[in-house]
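Peer 1: Take this structure first; my questions come after.
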Amino acid sequence: MKTIQFREAICEAMSEEMRRDESIFLIGEEVAEYNGAYKASKGMLDEFGAKRVIDSPIAELGFAGISVGAAMNGNRPIVEFMTFNFALVGIDQIINNAAKIRQMSGGQINCPIVFRGPTGSAGQLGATHSQAFENWFANTPGLKVIVPSNPYDAKGLLKAAIRDNDPVIFMESEQMYGDKMEVPEGEYLIPIGVADIKREGTDVTIVSFGKIIKEAYKAADVLEKEGISCEIIDMRTIRPMDFEAIFNSVKKTNRLVILEEAWPFASISSEITFQVQENIFDYLDAPVRRITTADAPAAYSPVLMDEWLPNFNDVIKAVKDVLYK
């Protein structure tokens, strides 16, 4: 095992796959000469050259479209968006072409492409740079959506995403790139669509994903001192989603709290809530509680941001609510 940062795990995953398969290339703003906006592609230009690590203009629609076309013709592009807020400029290529070409071609054309970059808020960056669009992309048939929460999961899932023959949305966080964790020295892959129980418990199930799951860990530590045992499930993959893992946990704890960093309307937690009540309603001993950001654009003010973004106190309150404490 070795201890590396999240950004290094991303870089290792891409580099290992590019050494294995010459059809893989990386394209995006500042990925080459600058070593990546968050240094997630450090050293890759030197190793692979300018034909496989490509600096693009500030034109997401353009380089997303070029990459989708390349994928349809036998390449396996990795497209880095400096933030998924900017992916909205290229969303026509993602939704209308990458996600649909396999079905529209009657299975004749695959689109093995990874769109990756940061999601969610990252401090005082304002409303247009602090959005979580996991539910937008997960709403689209043909796309797979991955949101890892730590370096180990990020590396194994990114390698699996690069090898996948379908388009994959791979969402990271600017506030996690410096996170450190042990990862294996040798190669490993994590299958897409499999959740992970990060902490076992008996009293309540907490489901989350991405960087906001850290607030669940904080809450569980506080609640443990009060004799409340929390089971924490990291979904890791948003689509396809491992509902079976959630069902099995709720059958044990009989209570469910869902934490995500997105707006409440038509959120991932809304879908999880529906699936639970549809499939295992009789196992619930309390209504499902979900925790999201406020139903408003993110503010620039740090005071307002603290109110807008969920935190561990919100998790503690929700857990006690479903336990009737």
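By order of appearance in the structure tokens: chains A, B, ..., then residues from 1 within every chain, and ligands from 1 in the order shown.
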Write out as an mmCIF file with N, CA and C atoms, in the first residue's frame which residues come within 7 Å of range 251-255 of chain A when counting only C-alpha atoms, dropping same-chain ones fewer than 5 positions away.

Peer 2:
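Saved the output as selection-v1.cif:
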data_model
loop_
_atom_site.group_PDB
_atom_site.id
_atom_site.type_symbol
_atom_site.label_atom_id
_atom_site.label_comp_id
_atom_site.auth_asym_id
_atom_site.auth_seq_id
_atom_site.Cartn_x
_atom_site.Cartn_y
_atom_site.Cartn_z
ATOM 1 N N THR A 202 -26.459 -0.397 13.347
ATOM 2 C CA THR A 202 -27.696 -1.146 13.579
ATOM 3 C C THR A 202 -28.935 -0.270 13.741
ATOM 4 N N ASP A 203 -28.785 1.025 14.013
ATOM 5 C CA ASP A 203 -29.937 1.853 14.366
ATOM 6 C C ASP A 203 -30.517 2.652 13.197
ATOM 7 N N VAL A 204 -29.685 3.089 12.290
ATOM 8 C CA VAL A 204 -30.153 3.925 11.181
ATOM 9 C C VAL A 204 -29.189 3.787 10.005
ATOM 10 N N THR A 205 -29.730 3.811 8.789
ATOM 11 C CA THR A 205 -28.918 3.790 7.572
ATOM 12 C C THR A 205 -28.773 5.216 7.051
ATOM 13 N N TYR A 283 -40.659 -2.469 5.983
ATOM 14 C CA TYR A 283 -39.500 -2.515 6.880
ATOM 15 C C TYR A 283 -39.222 -1.162 7.547
ATOM 16 N N LEU A 284 -39.880 -0.110 7.089
ATOM 17 C CA LEU A 284 -39.614 1.223 7.641
ATOM 18 C C LEU A 284 -40.375 1.433 8.951
ATOM 19 N N ASP A 285 -39.642 1.902 9.957
ATOM 20 C CA ASP A 285 -40.261 2.248 11.240
ATOM 21 C C ASP A 285 -40.402 3.753 11.416
ATOM 22 N N ALA A 286 -40.000 4.505 10.381
ATOM 23 C CA ALA A 286 -40.103 5.972 10.416
ATOM 24 C C ALA A 286 -40.061 6.480 8.987
ATOM 25 N N VAL A 288 -38.757 8.321 5.722
ATOM 26 C CA VAL A 288 -37.405 8.591 5.225
ATOM 27 C C VAL A 288 -37.136 10.091 5.325
ATOM 28 N N VAL A 322 -35.686 10.412 12.859
ATOM 29 C CA VAL A 322 -36.200 9.087 12.473
ATOM 30 C C VAL A 322 -36.169 8.103 13.652
#

Peer 1: Got a sec: who's within 12 Å of Asp221 in chain A, counting only C-alpha atoms, leaving out chain neighbours fewer than 5 positions off, as a list in words?

Peer 2: Arg199, Gly201, Lys214, Glu215, Ala216, Glu226, Gly227, Ile228, Ser229, Cys230, Glu231, Ile232, Phe312, Asn313, Val315 and Ile316 of chain A

Peer 1: Taking only range 148-202 of chain A into account, list the residues labelled strand (DSSP E) by DSSP (computed from the backbone), as an MDAnalysis selection string.

Peer 2: chainID A and resid 168:172 180:183 196:199

Peer 1: Those residues with N, CA, C and O atoms, as a compact mmCIF listing (two decimals), in the first residue's frame please?

Peer 2:
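As a result, selection05.txt now contains:
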# COMPACT_ATOMS: atom_id res chain seq x y z
N VAL A 168 -19.40 7.62 -19.67
CA VAL A 168 -19.43 7.69 -18.21
C VAL A 168 -19.18 9.13 -17.77
O VAL A 168 -18.24 9.79 -18.23
N ILE A 169 -20.02 9.60 -16.86
CA ILE A 169 -19.82 10.90 -16.20
C ILE A 169 -19.10 10.61 -14.89
O ILE A 169 -19.62 9.90 -14.03
N PHE A 170 -17.90 11.16 -14.73
CA PHE A 170 -17.09 10.88 -13.55
C PHE A 170 -16.85 12.20 -12.80
O PHE A 170 -16.13 13.07 -13.26
N MET A 171 -17.52 12.33 -11.64
CA MET A 171 -17.58 13.62 -10.95
C MET A 171 -16.74 13.60 -9.67
O MET A 171 -16.91 12.74 -8.81
N GLU A 172 -15.86 14.58 -9.58
CA GLU A 172 -14.90 14.68 -8.46
C GLU A 172 -15.24 15.89 -7.59
O GLU A 172 -16.39 16.27 -7.53
N LYS A 180 -5.76 12.56 1.23
CA LYS A 180 -4.79 11.46 1.14
C LYS A 180 -5.40 10.16 1.66
O LYS A 180 -6.24 10.17 2.57
N MET A 181 -4.92 9.05 1.08
CA MET A 181 -5.43 7.73 1.49
C MET A 181 -4.49 6.66 0.97
O MET A 181 -3.79 6.85 -0.02
N GLU A 182 -4.49 5.52 1.63
CA GLU A 182 -3.71 4.39 1.15
C GLU A 182 -4.43 3.72 -0.03
O GLU A 182 -5.64 3.52 0.00
N VAL A 183 -3.65 3.41 -1.06
CA VAL A 183 -4.16 2.64 -2.19
C VAL A 183 -3.16 1.52 -2.48
O VAL A 183 -1.97 1.64 -2.18
N ASP A 196 -20.74 0.75 -1.34
CA ASP A 196 -19.81 0.26 -0.33
C ASP A 196 -20.28 0.69 1.05
O ASP A 196 -20.59 1.87 1.27
N ILE A 197 -20.37 -0.26 1.96
CA ILE A 197 -20.71 0.07 3.35
C ILE A 197 -19.44 0.56 4.03
O ILE A 197 -18.54 -0.22 4.34
N LYS A 198 -19.36 1.86 4.26
CA LYS A 198 -18.17 2.45 4.85
C LYS A 198 -18.13 2.29 6.36
O LYS A 198 -17.06 2.31 6.98
N ARG A 199 -19.31 2.12 6.95
CA ARG A 199 -19.39 1.98 8.42
C ARG A 199 -20.63 1.16 8.73
O ARG A 199 -21.73 1.50 8.30

Peer 1: Fewer than 2 positions away in the same chain doesn't count, so skip those; otherwise give me all residues within 12 Å of Leu304 in chain A, counting only C-alpha atoms, as a list in words.

Peer 2: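 With the cut-off at 12 Å, the set is Gly123, Gln124, Gly126, Ala127, Thr293, Ala294, Ala296, Pro297, Ala298, Ala299, Tyr300, Ser301, Pro302, Asp306, Glu307, Trp308, Leu309 and Pro310 of chain A.
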
Peer 1: Return the single residue from A:Phe133, A:Phe243, A:Phe209, A:Tyr34 that is closest to Gly193 in chain A, with distances computed using only C-alpha atoms.

Peer 2: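 Nearest candidate to Gly193 in chain A out of A:Phe133, A:Phe243, A:Phe209, A:Tyr34: A:Phe243.
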
Peer 1: Find the residues near Ser173 in chain A: any atom within 7 Å, counting only C-alpha atoms, skip ones fewer than 6 places away on the same chain, and give them as a ChimeraX atom specification.

Peer 2: /A:118-120,211

Peer 1: So, counting only C-alpha atoms, which residue among A:Thr237, A:Gln175, A:Ser56, A:Ser130 is closest to Ala161 in chain A?

Peer 2: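 Smallest distance to Ala161 in chain A is found for A:Thr237.
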
Peer 1: Let me make sure I understand: among A:Pro112, A:Gly117, A:Gly106, A:Gly65, which one has the smallest atom-to-atom distance to Glu80 in chain A if we use only C-alpha atoms?

Peer 2: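 Ranking A:Pro112, A:Gly117, A:Gly106, A:Gly65 by distance to Glu80 in chain A, first place goes to A:Gly117.
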
Peer 1: Could you give me, as JSON, numbers by chain, the residues within 8 Å of Arg52 in chain A, counting only C-alpha atoms and dropping anything in the same chain fewer than 6 positions from it?

Peer 2: {"A": [24, 25, 26, 27, 45]}

Peer 1: For Ser67 in chain A, which residue out of A:Pro287, A:Pro167, A:Pro264, A:Gly43 is the nearest one, using only C-alpha atoms?

Peer 2: A:Pro167

Peer 1: Report, in Å with one decimal, the straight-line distance from CA of Ala50 in chain A to CA of Lys155 in chain A.

Peer 2: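 A separation of 23.5 Å between them.
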
Peer 1: Determine which residues of range 53-206 of chain A DSSP labels as helix (DSSP H, G or I) from the backbone of this structure, then write them out as a ChimeraX atom specification.

Peer 2: /A:60-72,86-98,101-104,127-129,134-138,151-163
